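Next comes input_11.cif, with mmCIF, C-alpha atoms.
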```cif
data_entry
#
loop_
_atom_site.group_PDB
_atom_site.id
_atom_site.type_symbol
_atom_site.label_atom_id
_atom_site.label_comp_id
_atom_site.auth_asym_id
_atom_site.auth_seq_id
_atom_site.Cartn_x
_atom_site.Cartn_y
_atom_site.Cartn_z
ATOM 1 C CA MET G 1 -14.007 -18.741 21.772
ATOM 2 C CA LYS G 2 -12.414 -20.039 18.563
ATOM 3 C CA ALA G 3 -10.188 -18.379 16.005
ATOM 4 C CA ILE G 4 -11.647 -17.831 12.537
ATOM 5 C CA ARG G 5 -8.632 -16.237 10.932
ATOM 6 C CA ILE G 6 -5.053 -15.774 12.113
ATOM 7 C CA PHE G 7 -3.408 -12.583 10.883
ATOM 8 C CA ASN G 8 -0.150 -12.812 12.800
ATOM 9 C CA ASN G 9 1.160 -13.633 16.268
ATOM 10 C CA ASN G 10 -0.724 -10.696 17.777
ATOM 11 C CA ALA G 11 -4.050 -10.604 15.904
ATOM 12 C CA VAL G 12 -6.857 -13.074 15.209
ATOM 13 C CA SER G 13 -10.536 -12.814 14.338
ATOM 14 C CA THR G 14 -13.404 -14.623 16.023
ATOM 15 C CA ILE G 15 -17.181 -14.664 16.488
ATOM 16 C CA MET G 16 -18.203 -13.202 19.837
ATOM 17 C CA ALA G 17 -21.040 -14.406 22.050
ATOM 18 C CA ASN G 18 -23.301 -11.748 20.474
ATOM 19 C CA ASN G 19 -22.667 -13.369 17.035
ATOM 20 C CA LYS G 20 -20.661 -10.357 15.844
ATOM 21 C CA GLU G 21 -17.295 -10.766 14.181
ATOM 22 C CA ALA G 22 -14.415 -9.149 16.046
ATOM 23 C CA ILE G 23 -10.656 -8.779 15.803
ATOM 24 C CA LEU G 24 -8.723 -9.636 18.948
ATOM 25 C CA ILE G 25 -5.364 -7.992 19.616
ATOM 26 C CA GLY G 26 -2.834 -9.151 22.193
ATOM 27 C CA PRO G 27 0.804 -10.319 22.474
ATOM 28 C CA GLY G 28 1.097 -13.915 21.278
ATOM 29 C CA ILE G 29 -2.645 -14.404 20.861
ATOM 30 C CA GLY G 30 -2.162 -15.871 17.371
ATOM 31 C CA PHE G 31 1.115 -17.711 18.018
ATOM 32 C CA ASN G 32 0.992 -21.286 16.652
ATOM 33 C CA LYS G 33 -2.764 -20.963 16.169
ATOM 34 C CA ARG G 34 -4.864 -22.339 13.328
ATOM 35 C CA PRO G 35 -8.508 -21.724 12.381
ATOM 36 C CA ASN G 36 -10.901 -23.320 14.928
ATOM 37 C CA ASP G 37 -8.229 -23.387 17.668
ATOM 38 C CA GLU G 38 -9.297 -22.118 21.076
ATOM 39 C CA ILE G 39 -8.180 -18.583 21.927
ATOM 40 C CA ASP G 40 -6.418 -17.829 25.197
ATOM 41 C CA GLN G 41 -8.732 -15.089 26.468
ATOM 42 C CA SER G 42 -6.189 -13.934 29.045
ATOM 43 C CA LYS G 43 -4.082 -12.579 26.148
ATOM 44 C CA ILE G 44 -6.840 -10.317 24.796
ATOM 45 C CA GLU G 45 -5.921 -6.644 25.193
ATOM 46 C CA LYS G 46 -8.184 -5.009 22.606
ATOM 47 C CA ILE G 47 -11.363 -6.008 20.761
ATOM 48 C CA PHE G 48 -12.406 -4.417 17.468
ATOM 49 C CA TYR G 49 -15.890 -5.246 16.224
ATOM 50 C CA VAL G 50 -16.173 -5.562 12.448
ATOM 51 C CA GLN G 51 -19.349 -3.604 11.920
ATOM 52 C CA ASN G 52 -18.571 -0.654 9.708
ATOM 53 C CA GLU G 53 -16.417 0.392 6.793
ATOM 54 C CA MET G 54 -13.484 1.584 8.910
ATOM 55 C CA GLN G 55 -13.237 -1.649 10.875
ATOM 56 C CA SER G 56 -13.716 -3.762 7.758
ATOM 57 C CA LYS G 57 -10.776 -1.823 6.345
ATOM 58 C CA PHE G 58 -8.794 -2.766 9.446
ATOM 59 C CA LEU G 59 -9.634 -6.421 8.853
ATOM 60 C CA ALA G 60 -8.193 -6.234 5.340
ATOM 61 C CA MET G 61 -5.264 -4.077 6.465
ATOM 62 C CA LEU G 62 -4.061 -6.641 8.997
ATOM 63 C CA ASP G 63 -2.814 -8.841 6.173
ATOM 64 C CA SER G 64 -0.033 -6.322 5.497
ATOM 65 C CA VAL G 65 0.553 -5.042 9.041
ATOM 66 C CA THR G 66 3.602 -6.513 10.756
ATOM 67 C CA PRO G 67 3.687 -7.504 14.443
ATOM 68 C CA GLN G 68 6.298 -4.757 14.918
ATOM 69 C CA LEU G 69 3.873 -2.133 13.628
ATOM 70 C CA LEU G 70 1.093 -3.402 15.879
ATOM 71 C CA GLU G 71 3.501 -3.093 18.789
ATOM 72 C CA VAL G 72 4.396 0.459 17.736
ATOM 73 C CA ALA G 73 0.713 1.420 17.561
ATOM 74 C CA GLU G 74 0.126 0.020 21.044
ATOM 75 C CA GLN G 75 3.109 1.965 22.412
ATOM 76 C CA ILE G 76 1.940 5.224 20.805
ATOM 77 C CA ILE G 77 -1.579 4.704 22.177
ATOM 78 C CA SER G 78 -0.148 4.038 25.642
ATOM 79 C CA LEU G 79 2.010 7.166 25.352
ATOM 80 C CA ALA G 80 -1.033 9.221 24.321
ATOM 81 C CA GLN G 81 -3.036 7.862 27.256
ATOM 82 C CA ASP G 82 -0.235 8.766 29.667
ATOM 83 C CA ASN G 83 -0.586 12.341 28.366
ATOM 84 C CA GLY G 84 -4.346 12.500 28.848
ATOM 85 C CA LEU G 85 -5.489 11.483 25.339
ATOM 86 C CA ILE G 86 -7.815 8.518 24.921
ATOM 87 C CA LEU G 87 -8.054 6.961 21.464
ATOM 88 C CA SER G 88 -11.293 5.302 20.450
ATOM 89 C CA ASN G 89 -11.226 2.074 18.435
ATOM 90 C CA GLN G 90 -11.714 4.149 15.294
ATOM 91 C CA GLY G 91 -8.900 6.489 16.287
ATOM 92 C CA THR G 92 -6.574 3.535 16.847
ATOM 93 C CA ILE G 93 -7.436 2.028 13.471
ATOM 94 C CA SER G 94 -6.958 5.362 11.710
ATOM 95 C CA LEU G 95 -3.555 5.898 13.358
ATOM 96 C CA LEU G 96 -2.378 2.385 12.513
ATOM 97 C CA ASP G 97 -3.491 2.774 8.899
ATOM 98 C CA HIS G 98 -1.703 6.121 8.583
ATOM 99 C CA ILE G 99 1.603 4.797 9.963
ATOM 100 C CA ASN G 100 1.374 1.681 7.785
ATOM 101 C CA PHE G 101 0.789 3.817 4.687
ATOM 102 C CA SER G 102 3.626 6.173 5.654
ATOM 103 C CA LEU G 103 6.036 3.244 5.897
ATOM 104 C CA GLU G 104 4.872 1.920 2.523
ATOM 105 C CA ARG G 105 5.540 5.340 0.959
ATOM 106 C CA ALA G 106 8.936 5.539 2.647
ATOM 107 C CA LYS G 107 9.969 2.252 0.996
ATOM 108 C CA GLU G 108 9.287 3.927 -2.340
ATOM 109 C CA ASN G 109 11.094 7.137 -1.276
ATOM 110 C CA ILE G 110 7.825 9.070 -1.420
ATOM 111 C CA PHE G 111 7.505 11.701 1.304
ATOM 112 C CA LEU G 112 4.629 14.160 1.626
ATOM 113 C CA PRO G 113 5.599 17.637 2.895
ATOM 114 C CA ASN G 114 3.382 18.871 5.711
ATOM 115 C CA LEU G 115 2.425 22.388 4.628
ATOM 116 C CA MET G 116 0.953 23.164 8.055
ATOM 117 C CA LEU G 117 3.844 21.806 10.140
ATOM 118 C CA SER G 118 4.797 25.214 11.508
ATOM 119 C CA GLU G 119 1.231 25.911 12.661
ATOM 120 C CA ILE G 120 0.844 22.412 14.138
ATOM 121 C CA LYS G 121 3.979 22.948 16.241
ATOM 122 C CA MET G 122 2.594 26.202 17.622
ATOM 123 C CA ILE G 123 -1.062 25.235 18.078
ATOM 124 C CA TYR G 124 -0.648 21.642 19.273
ATOM 125 C CA PRO G 125 2.807 21.490 20.908
ATOM 126 C CA LYS G 126 1.954 18.572 23.217
ATOM 127 C CA GLU G 127 0.581 16.436 20.394
ATOM 128 C CA TYR G 128 3.550 17.340 18.171
ATOM 129 C CA LYS G 129 6.009 16.216 20.859
ATOM 130 C CA LEU G 130 4.087 12.938 21.052
ATOM 131 C CA GLY G 131 4.393 12.711 17.267
ATOM 132 C CA LEU G 132 8.182 13.054 17.510
ATOM 133 C CA LYS G 133 8.293 10.324 20.169
ATOM 134 C CA ALA G 134 6.146 8.190 17.868
ATOM 135 C CA LEU G 135 8.795 8.588 15.149
ATOM 136 C CA ASP G 136 11.403 7.308 17.612
ATOM 137 C CA LEU G 137 9.237 4.266 18.379
ATOM 138 C CA ILE G 138 8.677 3.589 14.669
ATOM 139 C CA GLU G 139 12.409 3.772 13.992
ATOM 140 C CA LYS G 140 13.225 1.515 16.940
ATOM 141 C CA ASN G 141 10.664 -1.156 16.046
ATOM 142 C CA CYS G 142 10.474 -0.931 12.247
ATOM 143 C CA GLY G 143 13.954 0.321 11.340
ATOM 144 C CA VAL G 144 12.693 3.321 9.333
ATOM 145 C CA ARG G 145 13.197 6.961 10.282
ATOM 146 C CA LEU G 146 10.291 9.022 8.999
ATOM 147 C CA PRO G 147 10.714 12.807 8.531
ATOM 148 C CA ASP G 148 9.422 15.305 11.077
ATOM 149 C CA ASP G 149 6.554 16.109 8.697
ATOM 150 C CA GLU G 150 5.052 12.773 9.762
ATOM 151 C CA ALA G 151 5.198 13.841 13.408
ATOM 152 C CA GLY G 152 2.847 16.654 12.418
ATOM 153 C CA TYR G 153 0.457 14.250 10.707
ATOM 154 C CA ILE G 154 0.479 11.946 13.741
ATOM 155 C CA ALA G 155 -0.190 14.972 15.965
ATOM 156 C CA LEU G 156 -3.298 15.770 13.920
ATOM 157 C CA HIS G 157 -4.507 12.194 14.319
ATOM 158 C CA LEU G 158 -4.148 12.574 18.090
ATOM 159 C CA VAL G 159 -5.925 15.938 18.012
ATOM 160 C CA SER G 160 -8.814 14.445 16.064
ATOM 161 C CA VAL G 161 -9.499 12.165 19.034
ATOM 162 C CA SER G 162 -11.084 15.049 20.896
ATOM 163 C CA ILE G 163 -12.402 17.187 18.028
ATOM 164 C CA ASP G 164 -13.569 16.150 14.595
ATOM 165 C CA LYS G 165 -11.225 16.341 11.611
ATOM 166 C CA LEU G 166 -13.094 19.203 9.924
ATOM 167 C CA SER G 167 -12.767 21.330 13.066
ATOM 168 C CA THR G 168 -9.065 20.490 13.253
ATOM 169 C CA TYR G 169 -8.562 21.551 9.638
ATOM 170 C CA ASN G 170 -10.572 24.749 10.054
ATOM 171 C CA ALA G 171 -8.664 25.693 13.211
ATOM 172 C CA LEU G 172 -5.365 25.281 11.375
ATOM 173 C CA LYS G 173 -6.709 27.175 8.378
ATOM 174 C CA LEU G 174 -7.823 30.121 10.523
ATOM 175 C CA VAL G 175 -4.588 30.363 12.504
ATOM 176 C CA LYS G 176 -2.437 29.953 9.381
ATOM 177 C CA GLY G 177 -4.467 32.594 7.530
ATOM 178 C CA CYS G 178 -4.335 35.126 10.372
ATOM 179 C CA LEU G 179 -0.598 34.639 10.937
ATOM 180 C CA ALA G 180 0.038 35.076 7.201
ATOM 181 C CA ILE G 181 -1.855 38.393 7.261
ATOM 182 C CA ILE G 182 0.086 39.597 10.301
ATOM 183 C CA LYS G 183 3.438 38.543 8.831
ATOM 184 C CA LYS G 184 2.744 40.213 5.480
ATOM 185 C CA TYR G 185 1.166 43.361 6.912
ATOM 186 C CA TYR G 186 4.060 44.157 9.244
ATOM 187 C CA GLY G 187 6.846 42.472 7.254
ATOM 188 C CA LEU G 188 7.620 40.359 10.290
ATOM 189 C CA ILE G 189 9.982 37.434 10.680
ATOM 190 C CA TYR G 190 8.766 36.271 14.056
ATOM 191 C CA ASP G 191 10.260 33.799 16.504
ATOM 192 C CA GLU G 192 7.731 30.947 16.636
ATOM 193 C CA SER G 193 9.053 29.787 20.010
ATOM 194 C CA SER G 194 8.714 33.186 21.719
ATOM 195 C CA LEU G 195 6.292 33.665 24.593
ATOM 196 C CA GLU G 196 4.423 36.396 22.701
ATOM 197 C CA MET G 197 3.912 34.181 19.630
ATOM 198 C CA ASN G 198 2.797 31.267 21.797
ATOM 199 C CA ARG G 199 0.237 33.522 23.445
ATOM 200 C CA LEU G 200 -0.978 34.853 20.103
ATOM 201 C CA THR G 201 -1.360 31.413 18.524
ATOM 202 C CA THR G 202 -3.086 30.079 21.644
ATOM 203 C CA HIS G 203 -5.514 32.984 21.474
ATOM 204 C CA LEU G 204 -6.150 32.357 17.758
ATOM 205 C CA LYS G 205 -6.693 28.667 18.496
ATOM 206 C CA PHE G 206 -9.377 29.442 21.088
ATOM 207 C CA LEU G 207 -10.858 32.073 18.772
ATOM 208 C CA SER G 208 -11.106 29.467 16.009
ATOM 209 C CA GLN G 209 -12.971 27.101 18.310
ATOM 210 C CA ARG G 210 -15.552 29.773 19.112
ATOM 211 C CA ILE G 211 -15.915 30.687 15.448
ATOM 212 C CA ILE G 212 -16.339 27.051 14.384
ATOM 213 C CA THR G 213 -18.917 26.420 17.114
ATOM 214 C CA LYS G 214 -20.548 29.846 16.535
ATOM 215 C CA GLU G 215 -20.135 30.824 20.183
ATOM 216 C CA PRO G 216 -18.880 34.433 20.273
ATOM 217 C CA TRP G 217 -17.945 36.307 23.401
ATOM 218 C CA HIS G 218 -20.725 38.321 24.940
ATOM 219 C CA THR G 219 -19.724 41.878 24.130
ATOM 220 C CA GLU G 220 -19.770 44.463 26.875
ATOM 221 C CA GLU G 221 -20.463 48.128 26.170
ATOM 222 C CA ASP G 222 -17.637 49.958 24.446
ATOM 223 C CA ASN G 223 -15.541 51.570 27.171
ATOM 224 C CA GLY G 224 -13.127 53.199 24.745
ATOM 225 C CA MET G 225 -10.532 50.409 24.975
ATOM 226 C CA TYR G 226 -10.577 49.726 21.212
ATOM 227 C CA ASP G 227 -10.021 53.395 20.316
ATOM 228 C CA MET G 228 -7.282 53.715 22.939
ATOM 229 C CA LEU G 229 -5.389 50.689 21.568
ATOM 230 C CA ILE G 230 -5.678 51.988 18.007
ATOM 231 C CA TYR G 231 -4.543 55.445 19.156
ATOM 232 C CA ARG G 232 -1.415 53.915 20.706
ATOM 233 C CA HIS G 233 -0.650 51.810 17.634
ATOM 234 C CA PRO G 234 -2.493 53.287 14.609
ATOM 235 C CA GLN G 235 -0.896 50.779 12.221
ATOM 236 C CA ASN G 236 -2.923 47.995 13.833
ATOM 237 C CA ALA G 237 -6.216 49.304 12.458
ATOM 238 C CA GLY G 238 -5.521 48.090 8.930
ATOM 239 C CA CYS G 239 -4.304 44.692 10.125
ATOM 240 C CA ILE G 240 -7.445 44.143 12.210
ATOM 241 C CA GLN G 241 -9.556 45.097 9.194
ATOM 242 C CA GLU G 242 -7.755 42.527 7.024
ATOM 243 C CA ILE G 243 -8.133 39.782 9.650
ATOM 244 C CA THR G 244 -11.816 40.646 10.119
ATOM 245 C CA ALA G 245 -12.414 40.506 6.358
ATOM 246 C CA TYR G 246 -10.565 37.181 6.056
ATOM 247 C CA ILE G 247 -12.557 35.531 8.847
ATOM 248 C CA ASN G 248 -15.806 36.929 7.460
ATOM 249 C CA LYS G 249 -15.072 35.609 3.976
ATOM 250 C CA GLU G 250 -13.688 32.182 4.891
ATOM 251 C CA PHE G 251 -15.799 31.361 7.956
ATOM 252 C CA ASN G 252 -18.877 33.584 7.574
ATOM 253 C CA TYR G 253 -18.235 35.086 11.009
ATOM 254 C CA GLU G 254 -18.108 38.729 12.052
ATOM 255 C CA LEU G 255 -15.645 39.517 14.856
ATOM 256 C CA ASN G 256 -17.277 41.531 17.615
ATOM 257 C CA LEU G 257 -15.646 44.447 19.399
ATOM 258 C CA GLN G 258 -14.348 42.411 22.343
ATOM 259 C CA GLU G 259 -12.698 39.877 20.019
ATOM 260 C CA LYS G 260 -10.994 42.698 18.106
ATOM 261 C CA ILE G 261 -9.748 44.211 21.371
ATOM 262 C CA TYR G 262 -8.144 40.940 22.469
ATOM 263 C CA LEU G 263 -6.469 40.585 19.091
ATOM 264 C CA LEU G 264 -5.117 44.115 19.378
ATOM 265 C CA VAL G 265 -3.670 43.383 22.809
ATOM 266 C CA HIS G 266 -1.745 40.404 21.397
ATOM 267 C CA LEU G 267 -0.641 42.327 18.308
ATOM 268 C CA ASN G 268 0.777 45.055 20.492
ATOM 269 C CA LYS G 269 2.894 42.457 22.304
ATOM 270 C CA ILE G 270 4.622 41.106 19.194
ATOM 271 C CA LEU G 271 5.395 44.465 17.520
#
```

Please render this file's structure as structure tokens.
Amino acid sequence: MKAIRIFNNNAVSTIMANNKEAILIGPGIGFNKRPNDEIDQSKIEKIFYVQNEMQSKFLAMLDSVTPQLLEVAEQIISLAQDNGLILSNQGTISLLDHINFSLERAKENIFLPNLMLSEIKMIYPKEYKLGLKALDLIEKNCGVRLPDDEAGYIALHLVSVSIDKLSTYNALKLVKGCLAIIKKYYGLIYDESSLEMNRLTTHLKFLSQRIITKEPWHTEEDNGMYDMLIYRHPQNAGCIQEITAYINKEFNYELNLQEKIYLLVHLNKIL
């Protein structure tokens, strides 16, 4: 196996036995190497086949990616794996590209506010904590401290490993929209870290997944629970109507009775 192109000490390209071009990643794999030199296969840790637009982008991106950034990406991936998340080749490339671009913007003092940071913290707390640890790794290896907004963006990249990006966006949109209705309707300033808010946002997250996949709960016969909950807290009727109208308009989904009941139970807890 011979090197075609040497990007840096940790990345080279080659032609595999199946005649497909691939990028090989590993510590020291490109050290003191020149084109046509033999590659030490024992140093190969990851193989990326250059067969689509994303991986071709990676090939071009490696010219500007430092060994330190490659090391950071590997550490973040390892950290994600230790927490039960497995990144595909495409997920790894996407994450590396995002961090590289974030560092380029930071050099120019350009920072993008994350308008959904609050919702990301509540809906994906594990991934957000990993994002904060990723910022520590970036600072340690690259000497740049990125703002916490970037931890939210990294969290979304990790989330997109298990569900597609559109679903991730729609889940955030639904939760953000419902929480905005609740906050405005009751004039609330709620504690995002409270147990009741965590339960509500978790419920909205699962509700969003059912709405996106069009898998509603199977509704049982009305046993009077909805009327009883409204009787106890009459003010909730208008809020449920607003949430129902919002979901219907934005997601073309009609909440059934059981879904409204569960929402009422959670609303009662935070009031």

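Of the listed residues (G:Pro147, G:Gly224, G:Gly187, G:Gly177), G:Gly177 comes nearest to Glu242 of chain G; the distances count only C-alpha atoms.
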
Fill in the blank from the handout: Correct to one decimal, the distance atom CA of Ser42 of chain G-atom CA of Asn9 of chain G is 14.7 Å

Practice task
For Asp148 of chain G, work out the shell of residues within 9 Å, counting only C-alpha atoms and skipping chain neighbours fewer than 6 positions away, then give it as a count of residues only.
Solution key: 5

Exercise for the section: Name the residues captured by the PyMOL selection byres ((chain G and resi 80) around 12) when it is applied to the shown file; answer as a PyMOL selection string. Expected result: chain G and resi 73-79+81-88+91-92+95+126-131+133-134+154-155+157-159+161

Those residues with C-alpha atoms, as a tab-separated table (two decimals), in the coordinates of the input please?
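The resulting file, out38.tsv, is shown below:
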```tsv
chain	number	residue	atom	x	y	z
G	73	ALA	CA	0.71	1.42	17.56
G	74	GLU	CA	0.13	0.02	21.04
G	75	GLN	CA	3.11	1.96	22.41
G	76	ILE	CA	1.94	5.22	20.80
G	77	ILE	CA	-1.58	4.70	22.18
G	78	SER	CA	-0.15	4.04	25.64
G	79	LEU	CA	2.01	7.17	25.35
G	81	GLN	CA	-3.04	7.86	27.26
G	82	ASP	CA	-0.24	8.77	29.67
G	83	ASN	CA	-0.59	12.34	28.37
G	84	GLY	CA	-4.35	12.50	28.85
G	85	LEU	CA	-5.49	11.48	25.34
G	86	ILE	CA	-7.82	8.52	24.92
G	87	LEU	CA	-8.05	6.96	21.46
G	88	SER	CA	-11.29	5.30	20.45
G	91	GLY	CA	-8.90	6.49	16.29
G	92	THR	CA	-6.57	3.54	16.85
G	95	LEU	CA	-3.56	5.90	13.36
G	126	LYS	CA	1.95	18.57	23.22
G	127	GLU	CA	0.58	16.44	20.39
G	128	TYR	CA	3.55	17.34	18.17
G	129	LYS	CA	6.01	16.22	20.86
G	130	LEU	CA	4.09	12.94	21.05
G	131	GLY	CA	4.39	12.71	17.27
G	133	LYS	CA	8.29	10.32	20.17
G	134	ALA	CA	6.15	8.19	17.87
G	154	ILE	CA	0.48	11.95	13.74
G	155	ALA	CA	-0.19	14.97	15.96
G	157	HIS	CA	-4.51	12.19	14.32
G	158	LEU	CA	-4.15	12.57	18.09
G	159	VAL	CA	-5.92	15.94	18.01
G	161	VAL	CA	-9.50	12.16	19.03
```

Completion exercise
Using all atoms listed in the file, the shortest atom-to-atom distance to Val265 of chain G among G:Asn248, G:Ile230, G:Gln235, G:Thr66 belongs to G:Ile230

Practice task
Starting from the shown file, work through the PyMOL selection byres ((chain G and resi 191-202) around 10) and note down what comes out as a PyMOL selection string.
Solution key: chain G and resi 118-119+121-125+175-176+178-179+188-190+203-208+262-263+265-271

Completion exercise
Correct to one decimal, the distance atom CA of Lys184 of chain G-atom CA of Met228 of chain G is 24.2 Å

Practice task
Would you kindly translate the PyMOL selection byres ((chain G and resi 253) around 9) into the concrete residues it picks from this file, as a list in words?
Solution key: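 Taken over the shown coordinates, the PyMOL selection byres ((chain G and resi 253) around 9) returns Ile211, Ile212, Lys214, Thr244, Ile247, Asn248, Lys249, Glu250, Phe251, Asn252, Glu254 and Leu255 of chain G.
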
Exercise for the section: Measure the distance from atom CA of Arg105 of chain G to atom CA of Arg145 of chain G in Å and round it to one decimal. Expected result: 12.2 Å

Exercise for the section: Could you tell me which of G:Pro35, G:Ile25, G:Ile243, G:Asn19 comes closest to Lys183 of chain G if we count only C-alpha atoms? Expected result: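 Among G:Pro35, G:Ile25, G:Ile243, G:Asn19, it is G:Ile243 that comes nearest to Lys183 of chain G.
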
Problem - Best match for closeness to Ile15 of chain G among G:Met116, G:Leu229, G:Ile39, G:Leu96, counting all atoms listed in the file - result: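 Looking at the shortest contact to Ile15 of chain G, the residue is G:Ile39.
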
Exercise for the section: Compare G:Leu112, G:Leu156, G:Ile261, G:Ile44 by their minimum atom-to-atom distance to Asp227 of chain G, counting only C-alpha atoms, and give me the closest one. Expected result: G:Ile261

For segment 139-147 of chain G, what centre and edge lengths in Å (one decimal) does the axis-aligned box get once 8 Å is added on each side of all its listed atoms, as lines of an AutoDock Vina configuration file?
```
center_x = 12.1
center_y = 5.8
center_z = 12.7
size_x = 19.7
size_y = 30.0
size_z = 24.4
```

From the structure just shown, export segment 167-189 of chain G with N, CA and C atoms as a JSON list (two decimals), in the first residue's frame.
```json
[["chain", "number", "residue", "atom", "x", "y", "z"],
["G", 167, "SER", "N", -35.12, 15.97, 11.27],
["G", 167, "SER", "CA", -35.85, 15.56, 12.47],
["G", 167, "SER", "C", -35.35, 16.31, 13.69],
["G", 168, "THR", "N", -34.01, 16.49, 13.76],
["G", 168, "THR", "CA", -33.43, 17.23, 14.88],
["G", 168, "THR", "C", -33.96, 18.66, 14.90],
["G", 169, "TYR", "N", -33.96, 19.29, 13.73],
["G", 169, "TYR", "CA", -34.45, 20.68, 13.64],
["G", 169, "TYR", "C", -35.92, 20.76, 14.01],
["G", 170, "ASN", "N", -36.73, 19.84, 13.48],
["G", 170, "ASN", "CA", -38.16, 19.87, 13.75],
["G", 170, "ASN", "C", -38.47, 19.63, 15.22],
["G", 171, "ALA", "N", -37.69, 18.74, 15.86],
["G", 171, "ALA", "CA", -37.89, 18.48, 17.29],
["G", 171, "ALA", "C", -37.62, 19.75, 18.09],
["G", 172, "LEU", "N", -36.53, 20.43, 17.76],
["G", 172, "LEU", "CA", -36.20, 21.68, 18.44],
["G", 172, "LEU", "C", -37.26, 22.75, 18.18],
["G", 173, "LYS", "N", -37.72, 22.80, 16.94],
["G", 173, "LYS", "CA", -38.73, 23.79, 16.57],
["G", 173, "LYS", "C", -40.02, 23.56, 17.36],
["G", 174, "LEU", "N", -40.44, 22.30, 17.48],
["G", 174, "LEU", "CA", -41.68, 22.00, 18.19],
["G", 174, "LEU", "C", -41.55, 22.34, 19.68],
["G", 175, "VAL", "N", -40.46, 21.90, 20.30],
["G", 175, "VAL", "CA", -40.29, 22.15, 21.73],
["G", 175, "VAL", "C", -40.17, 23.66, 21.98],
["G", 176, "LYS", "N", -39.39, 24.35, 21.17],
["G", 176, "LYS", "CA", -39.22, 25.79, 21.34],
["G", 176, "LYS", "C", -40.55, 26.51, 21.18],
["G", 177, "GLY", "N", -41.34, 26.10, 20.17],
["G", 177, "GLY", "CA", -42.63, 26.74, 19.93],
["G", 177, "GLY", "C", -43.61, 26.51, 21.07],
["G", 178, "CYS", "N", -43.67, 25.27, 21.57],
["G", 178, "CYS", "CA", -44.59, 24.96, 22.67],
["G", 178, "CYS", "C", -44.20, 25.68, 23.95],
["G", 179, "LEU", "N", -42.89, 25.72, 24.25],
["G", 179, "LEU", "CA", -42.44, 26.40, 25.46],
["G", 179, "LEU", "C", -42.70, 27.91, 25.37],
["G", 180, "ALA", "N", -42.57, 28.47, 24.17],
["G", 180, "ALA", "CA", -42.85, 29.90, 23.99],
["G", 180, "ALA", "C", -44.32, 30.20, 24.25],
["G", 181, "ILE", "N", -45.20, 29.31, 23.79],
["G", 181, "ILE", "CA", -46.65, 29.48, 24.03],
["G", 181, "ILE", "C", -46.94, 29.43, 25.53],
["G", 182, "ILE", "N", -46.37, 28.43, 26.20],
["G", 182, "ILE", "CA", -46.60, 28.25, 27.63],
["G", 182, "ILE", "C", -46.09, 29.46, 28.42],
["G", 183, "LYS", "N", -44.89, 29.91, 28.07],
["G", 183, "LYS", "CA", -44.29, 31.05, 28.77],
["G", 183, "LYS", "C", -45.13, 32.31, 28.59],
["G", 184, "LYS", "N", -45.57, 32.55, 27.36],
["G", 184, "LYS", "CA", -46.36, 33.76, 27.07],
["G", 184, "LYS", "C", -47.75, 33.66, 27.68],
["G", 185, "TYR", "N", -48.37, 32.51, 27.59],
["G", 185, "TYR", "CA", -49.75, 32.34, 28.05],
["G", 185, "TYR", "C", -49.87, 32.56, 29.55],
["G", 186, "TYR", "N", -48.90, 32.03, 30.30],
["G", 186, "TYR", "CA", -48.97, 32.13, 31.76],
["G", 186, "TYR", "C", -48.10, 33.25, 32.32],
["G", 187, "GLY", "N", -47.31, 33.91, 31.45],
["G", 187, "GLY", "CA", -46.39, 34.93, 31.94],
["G", 187, "GLY", "C", -45.33, 34.36, 32.83],
["G", 188, "LEU", "N", -44.85, 33.16, 32.48],
["G", 188, "LEU", "CA", -43.91, 32.44, 33.34],
["G", 188, "LEU", "C", -42.46, 32.83, 33.08],
["G", 189, "ILE", "N", -41.67, 32.84, 34.15],
["G", 189, "ILE", "CA", -40.22, 32.82, 34.05],
["G", 189, "ILE", "C", -39.80, 31.54, 34.76]]
```
